[in-house]
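Read the structure below first, then the notes.
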Amino acid sequence: MRIVESQKSKVERLLLFLTISFLPLICFAQDRQSAFDEANAAYADGHYEEAATIYQSLIDEQPDATVYYNLGNARFKQGELAQAILNYERALRLKPNYKDAKYNLAFAQSRIVDNIPDQDFFLSSWARTVRNQLSEHTWIVLSVTLFILALAGLLVFLLGRATWLRKTAFHTAWIALLFSLVTGLNAASLHNRDTLRNEAVITQGIVNAKSSPDRSGTDLFTLHEGTKVTIRETIGEWVNIHVGSNEGWIPVRSLERI
């Protein structure tokens, strides 16, 4: 009986320890869900600014694709096109296959004044589209899995006796290795994109791109809010941006990085 009681006491202490350890996390999740529900209720009642404020506070605590998406919806209802596009883009960074975010982003982008076609080589555009279908973590998992498969194929090729088995293993190994490199490059590309954050959205109503990073520069072209651009260089309060076949300098305050 003493042994049973001792074991029971240990189990009770373990349960108490686990409860105390995870209680803050449970409370945080409950508070977060409560705030999320409150924001959704405010949105449903047409109180979009209140909903947006709560969504933003949740994002400040912990970025989340669904919250970014809802914040984008609230901003769109407020007529803030650039902020809507910005948050849809951020939602897709965290969840690349978020269909609702893709649809709403495309709808919001159809309202943009600027209609600047992508001038990149079609293979480059296609490669970026494929890359953006999955998250960095997923590409890494695929790359490692394919690399392990390549090693297994190489091992079977070296140790196998049957000719058909060795041929199959050889072809499996080089194909798996090739796709492991491709998926690894996609993961590296996404990591580089999210680290540098060189994609941005114009948030100022109208902005004139200059030929040089100062107000005395010649006006080259005009951009409107919501247009997505690529940042190439930053000098002081100016950034050199690229969009379509155009390149110029605009004030850093006129855009927000995705």
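Here's how to read the names in the structure tokens: chain A, B, ... by the order shown, residue numbers from 1 in each chain, ligand numbers from 1 in the order shown.
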
Problem set entry | Contact residues around stretch 52-59 of chain A with only C-alpha atoms at 10 Å, ignoring same-chain residues under 4 positions, as a list of chain:residue names | A:Arg32, A:Gln33, A:Ala35, A:Phe36, A:Asp37, A:Glu38, A:Ala39, A:Asn40, A:Ala42, A:Tyr43, A:His47, A:Tyr48, A:Pro63, A:Asp64, A:Ala65, A:Thr66, A:Val67, A:Tyr68, A:Tyr69, A:Asn70, A:Leu71, A:Gly72, A:Asn73, A:Ala74, A:Arg75, A:Gln78

Fewer than 5 positions away in the same chain doesn't count, so skip those; otherwise give me all residues within 12 Å of A:Ala106, counting only C-alpha atoms, as a short mmCIF file (atom, residue, chain, number, x, y, z; two decimals) with N, CA, C and O atoms, in the first residue's frame.
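Printed below is selection-v7.cif as written:
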data_model
loop_
_atom_site.label_atom_id
_atom_site.label_comp_id
_atom_site.auth_asym_id
_atom_site.auth_seq_id
_atom_site.Cartn_x
_atom_site.Cartn_y
_atom_site.Cartn_z
N LEU A 81 -7.54 51.04 -48.95
CA LEU A 81 -7.16 50.02 -49.92
C LEU A 81 -5.74 49.52 -49.70
O LEU A 81 -5.49 48.30 -49.74
N ALA A 84 -5.48 47.28 -46.70
CA ALA A 84 -6.15 46.01 -46.97
C ALA A 84 -5.21 45.09 -47.74
O ALA A 84 -5.01 43.92 -47.38
N ILE A 85 -4.63 45.61 -48.82
CA ILE A 85 -3.70 44.82 -49.64
C ILE A 85 -2.50 44.38 -48.82
O ILE A 85 -2.06 43.23 -48.91
N TYR A 88 -3.53 41.48 -46.54
CA TYR A 88 -3.76 40.25 -47.31
C TYR A 88 -2.42 39.63 -47.71
O TYR A 88 -2.23 38.40 -47.65
N GLU A 89 -1.48 40.48 -48.12
CA GLU A 89 -0.15 39.99 -48.50
C GLU A 89 0.54 39.35 -47.30
O GLU A 89 1.19 38.29 -47.43
N LYS A 99 -6.92 30.55 -49.57
CA LYS A 99 -7.74 30.87 -50.75
C LYS A 99 -8.52 32.17 -50.57
O LYS A 99 -8.61 32.98 -51.50
N ASP A 100 -9.11 32.38 -49.41
CA ASP A 100 -9.89 33.60 -49.19
C ASP A 100 -9.01 34.84 -49.29
O ASP A 100 -9.42 35.86 -49.85
N ALA A 101 -7.80 34.73 -48.74
CA ALA A 101 -6.88 35.88 -48.80
C ALA A 101 -6.45 36.14 -50.25
O ALA A 101 -6.34 37.29 -50.67
N ARG A 111 -8.86 47.24 -57.78
CA ARG A 111 -9.27 48.62 -57.52
C ARG A 111 -8.11 49.61 -57.62
O ARG A 111 -8.32 50.82 -57.48
N ILE A 112 -6.90 49.11 -57.80
CA ILE A 112 -5.73 49.97 -57.85
C ILE A 112 -5.75 50.82 -59.12
O ILE A 112 -6.08 50.33 -60.20
N GLY A 226 -1.64 51.31 -52.83
CA GLY A 226 -1.99 49.92 -53.10
C GLY A 226 -1.06 49.21 -54.06
O GLY A 226 -1.06 47.98 -54.13
#

For this session: Name the residues in contact with A:Leu151 at a cut-off of 9 Å, using only C-alpha atoms, excluding same-chain residues fewer than 4 positions from it; report them as a count of residues only.
Result: 7

For this session: Write out as a count of residues only all residues of stretch 30-209 of chain A that DSSP puts in strand (DSSP E) for this structure's backbone.
Result: 8

Listing only residues of stretch 63-150 of chain A within 8 Å of stretch 185-201 of chain A, what is the closest atom pair and its distance in Å (to one decimal) for each, using only C-alpha atoms, sorted by chain and residue number ascending, as a tab-separated table?
residue	atom	partner	partner_atom	distance
A:Ala82	CA	A:Val201	CA	6.8
A:Ile85	CA	A:Val201	CA	7.7
A:Leu86	CA	A:Val201	CA	6.3
A:Arg131	CA	A:Asn186	CA	5.6
A:Asn132	CA	A:Leu190	CA	7.8
A:Ser135	CA	A:Ala187	CA	7.7
A:Glu136	CA	A:Ala187	CA	4.8
A:His137	CA	A:Ala187	CA	7.3
A:Trp139	CA	A:Ala187	CA	5.2
A:Ile140	CA	A:Ala187	CA	5.8

For this session: Write out as a ChimeraX atom specification each polymer residue whose atoms come within 6 Å of A:Lys210, counting only C-alpha atoms; drop sequence neighbours fewer than 5 positions from it.
Result: /A:217-220,248-249

Resulting file, chosen residues, C-alpha atoms, as a PDB file, in the first residue's frame:
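Output (part.pdb):
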ATOM      1  CA  GLY A 217      15.095  65.110 -58.800  1.00  0.00           C
ATOM      2  CA  THR A 218      13.084  64.870 -62.014  1.00  0.00           C
ATOM      3  CA  ASP A 219       9.652  63.269 -61.779  1.00  0.00           C
ATOM      4  CA  LEU A 220       9.800  59.956 -63.667  1.00  0.00           C
ATOM      5  CA  GLY A 248      12.919  55.533 -59.315  1.00  0.00           C
ATOM      6  CA  TRP A 249      13.312  57.071 -55.869  1.00  0.00           C
TER       7      TRP A 249
END

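Shortest separation to A:Arg93 among A:Val252, A:Leu134, A:Ala108, A:Leu159 occurs at residue A:Leu134, atoms counted being only C-alpha atoms.
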
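The residue that comes closest to A:Pro213, out of A:Asn87, A:Gln109, A:Thr183, A:Thr234 and on the basis of only C-alpha atoms, is A:Thr234.
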
Problem set entry | Residue list (helix (DSSP H, G or I), DSSP) for stretch 56-162 of chain A, as a VMD selection string | chain A and resid 56 to 61 65 to 77 81 to 94 99 to 109 122 to 131 136 to 159

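With atom CA of A:Asp114 on one side and atom CA of A:Glu225 on the other, the separation reads 8.6 Å.
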
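Closest approach to A:Ser211 among A:Trp238, A:Phe170, A:Phe107, A:Phe76: A:Trp238, based on only C-alpha atoms.
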
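Between atom CA of A:Ser143 and atom CA of A:His171 lies a distance of 17.4 Å.
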